[in-house]
>>> print(open('structure-v9.pdb').read())   # PDB, C-alpha atoms
ATOM      1  CA  MET W   1      66.987   5.425  21.174
ATOM      2  CA  ALA W   2      65.816   5.032  24.742
ATOM      3  CA  LYS W   3      68.211   3.744  27.345
ATOM      4  CA  ARG W   4      67.412   0.614  29.269
ATOM      5  CA  GLY W   5      65.323   1.414  32.323
ATOM      6  CA  SER W   6      64.176   4.836  31.106
ATOM      7  CA  SER W   7      60.525   5.623  30.485
ATOM      8  CA  PRO W   8      59.239   5.543  26.896
ATOM      9  CA  SER W   9      58.863   8.755  24.928
ATOM     10  CA  ILE W  10      55.701  10.846  24.929
ATOM     11  CA  LEU W  11      54.876   9.737  21.381
ATOM     12  CA  THR W  12      55.151   6.054  22.323
ATOM     13  CA  ARG W  13      52.919   6.539  25.363
ATOM     14  CA  ALA W  14      50.361   8.471  23.276
ATOM     15  CA  VAL W  15      50.222   5.768  20.594
ATOM     16  CA  ASN W  16      49.938   3.038  23.231
ATOM     17  CA  SER W  17      47.103   4.856  24.987
ATOM     18  CA  VAL W  18      45.225   5.323  21.689
ATOM     19  CA  PHE W  19      45.553   1.613  20.887
ATOM     20  CA  THR W  20      44.434   0.700  24.408
ATOM     21  CA  PHE W  21      41.370   2.927  24.079
ATOM     22  CA  VAL W  22      40.457   1.461  20.669
ATOM     23  CA  ARG W  23      40.872  -2.072  21.986
ATOM     24  CA  PHE W  24      38.726  -1.241  25.029
ATOM     25  CA  ALA W  25      35.943   0.581  23.117
ATOM     26  CA  GLU W  26      35.910  -1.508  19.948
ATOM     27  CA  PHE W  27      32.253  -2.566  20.156
ATOM     28  CA  GLU W  28      31.038   0.966  20.873
ATOM     29  CA  ILE W  29      33.073   2.339  17.980
ATOM     30  CA  LEU W  30      31.623  -0.275  15.605
ATOM     31  CA  PHE W  31      28.095   0.390  16.942
ATOM     32  CA  VAL W  32      28.338   4.128  16.278
ATOM     33  CA  LEU W  33      30.025   3.541  12.923
ATOM     34  CA  PHE W  34      27.155   1.256  11.849
ATOM     35  CA  PHE W  35      24.586   3.972  12.522
ATOM     36  CA  VAL W  36      26.691   6.660  10.837
ATOM     37  CA  ILE W  37      27.029   4.535   7.689
ATOM     38  CA  ALA W  38      23.310   3.685   7.739
ATOM     39  CA  TYR W  39      22.470   7.395   8.095
ATOM     40  CA  VAL W  40      24.727   8.363   5.173
ATOM     41  CA  ILE W  41      23.237   5.662   2.932
ATOM     42  CA  PHE W  42      19.688   6.642   3.928
ATOM     43  CA  LYS W  43      20.363  10.324   3.276
ATOM     44  CA  ASP W  44      21.939   9.485  -0.078
ATOM     45  CA  LEU W  45      18.939   7.397  -1.148
ATOM     46  CA  THR W  46      16.409  10.021  -0.108
ATOM     47  CA  SER W  47      18.276  12.902  -1.732
ATOM     48  CA  ARG W  48      18.252  11.460  -5.260
ATOM     49  CA  PRO W  49      15.140  12.329  -7.265
ATOM     50  CA  GLU W  50      15.076   9.009  -9.143
ATOM     51  CA  TYR W  51      15.104   7.046  -5.861
ATOM     52  CA  ASN W  52      12.836   9.411  -3.988
ATOM     53  CA  GLN W  53       9.835   7.128  -4.534
ATOM     54  CA  ILE W  54      11.318   4.379  -2.335
ATOM     55  CA  LEU W  55       9.674   5.825   0.767
ATOM     56  CA  MET W  56       6.338   6.683  -0.877
ATOM     57  CA  LYS W  57       3.665   4.218  -1.962
ATOM     58  CA  LYS W  58       3.322   4.249  -5.719
ATOM     59  CA  PRO W  59      -0.267   4.267  -6.975
ATOM     60  CA  GLY W  60      -0.968   1.071  -8.878
ATOM     61  CA  GLY W  61       2.588  -0.197  -8.541
ATOM     62  CA  PRO W  62       3.956  -3.059  -6.516
ATOM     63  CA  ASP W  63       4.551  -2.509  -2.830
ATOM     64  CA  TRP W  64       8.282  -2.957  -2.184
ATOM     65  CA  TRP W  65       8.179  -2.346   1.600
ATOM     66  CA  PRO W  66       8.029  -6.018   2.651
ATOM     67  CA  TRP W  67      10.974  -6.857   0.387
ATOM     68  CA  ILE W  68      13.050  -3.902   1.620
ATOM     69  CA  LEU W  69      12.300  -4.701   5.267
ATOM     70  CA  LEU W  70      13.191  -8.354   4.725
ATOM     71  CA  CYS W  71      16.547  -7.386   3.188
ATOM     72  CA  VAL W  72      17.357  -4.977   6.023
ATOM     73  CA  TYR W  73      16.326  -7.547   8.655
ATOM     74  CA  SER W  74      18.412 -10.266   6.992
ATOM     75  CA  TRP W  75      21.444  -7.980   6.779
ATOM     76  CA  ALA W  76      21.072  -6.927  10.420
ATOM     77  CA  GLN W  77      20.817 -10.560  11.541
ATOM     78  CA  ARG W  78      24.022 -11.434   9.669
ATOM     79  CA  LEU W  79      25.799  -8.446  11.208
ATOM     80  CA  ILE W  80      24.678  -9.425  14.719
ATOM     81  CA  THR W  81      25.859 -12.998  14.129
ATOM     82  CA  ILE W  82      29.257 -11.818  12.905
ATOM     83  CA  ILE W  83      29.702  -9.455  15.852
ATOM     84  CA  SER W  84      28.569 -12.019  18.419
ATOM     85  CA  ASN W  85      30.914 -14.659  16.952
ATOM     86  CA  TYR W  86      33.766 -12.166  17.046
ATOM     87  CA  PHE W  87      33.328 -11.494  20.763
ATOM     88  CA  LYS W  88      32.934 -15.129  21.857
ATOM     89  CA  PRO W  89      35.730 -16.246  24.187
TER      90      PRO W  89
END
>>> encode(input="structure-v9.pdb", output="structure tokens")
Amino acid sequence: MAKRGSSPSILTRAVNSVFTFVRFAEFEILFVLFFVIAYVIFKDLTSRPEYNQILMKKPGGPDWWPWILLCVYSWAQRLITIISNYFKP
């Protein structure tokens, strides 16, 4: 146990500096994490043979692109609203 007036241990200072960094760079961390998750999901969808046709136009079949783009746009708008509400003073 530290004595009164002495400096905190190295472990305490390291943990405090990590928490300070995370608090300072929270938006950037979430921004990068969003793109990493989107990349992983996209790679997963394109690697499966049964879902491989998502990115190619099917002859004679319905065109799903407008629906997919609408879903992605709607999800992105909700995410932006949540993030902007979180950072309001």
>>> atom_distance(input="structure-v9.pdb", atom1="atom CA of Leu30 of chain W", atom2="atom CA of Val72 of chain W")
17.8 Å
>>> closest_residue(input="structure-v9.pdb", among="W:Ile83, W:Ile68, W:Leu11, W:Ile41", to="Glu26 of chain W", atoms="only C-alpha atoms")
W:Ile83
>>> residues_around(input="structure-v9.pdb", residues="Phe27 of chain W", least_positions_apart="6", cutoff="12 Å", atoms="all atoms listed in the file", output="PyMOL selection string")
chain W and resi 21+33-34+80+83-84+86-87
>>> atom_distance(input="structure-v9.pdb", atom1="atom CA of Val36 of chain W", atom2="atom CA of Phe24 of chain W")
20.2 Å
>>> atom_distance(input="structure-v9.pdb", atom1="atom CA of Ile82 of chain W", atom2="atom CA of Phe42 of chain W")
22.6 Å
>>> axis_aligned_box(input="structure-v9.pdb", around="segment 74-85 of chain W", padding_each_side="8 Å", output="AutoDock Vina command-line options")
--center_x 24.7 --center_y -10.8 --center_z 12.6 --size_x 28.5 --size_y 23.7 --size_z 27.6
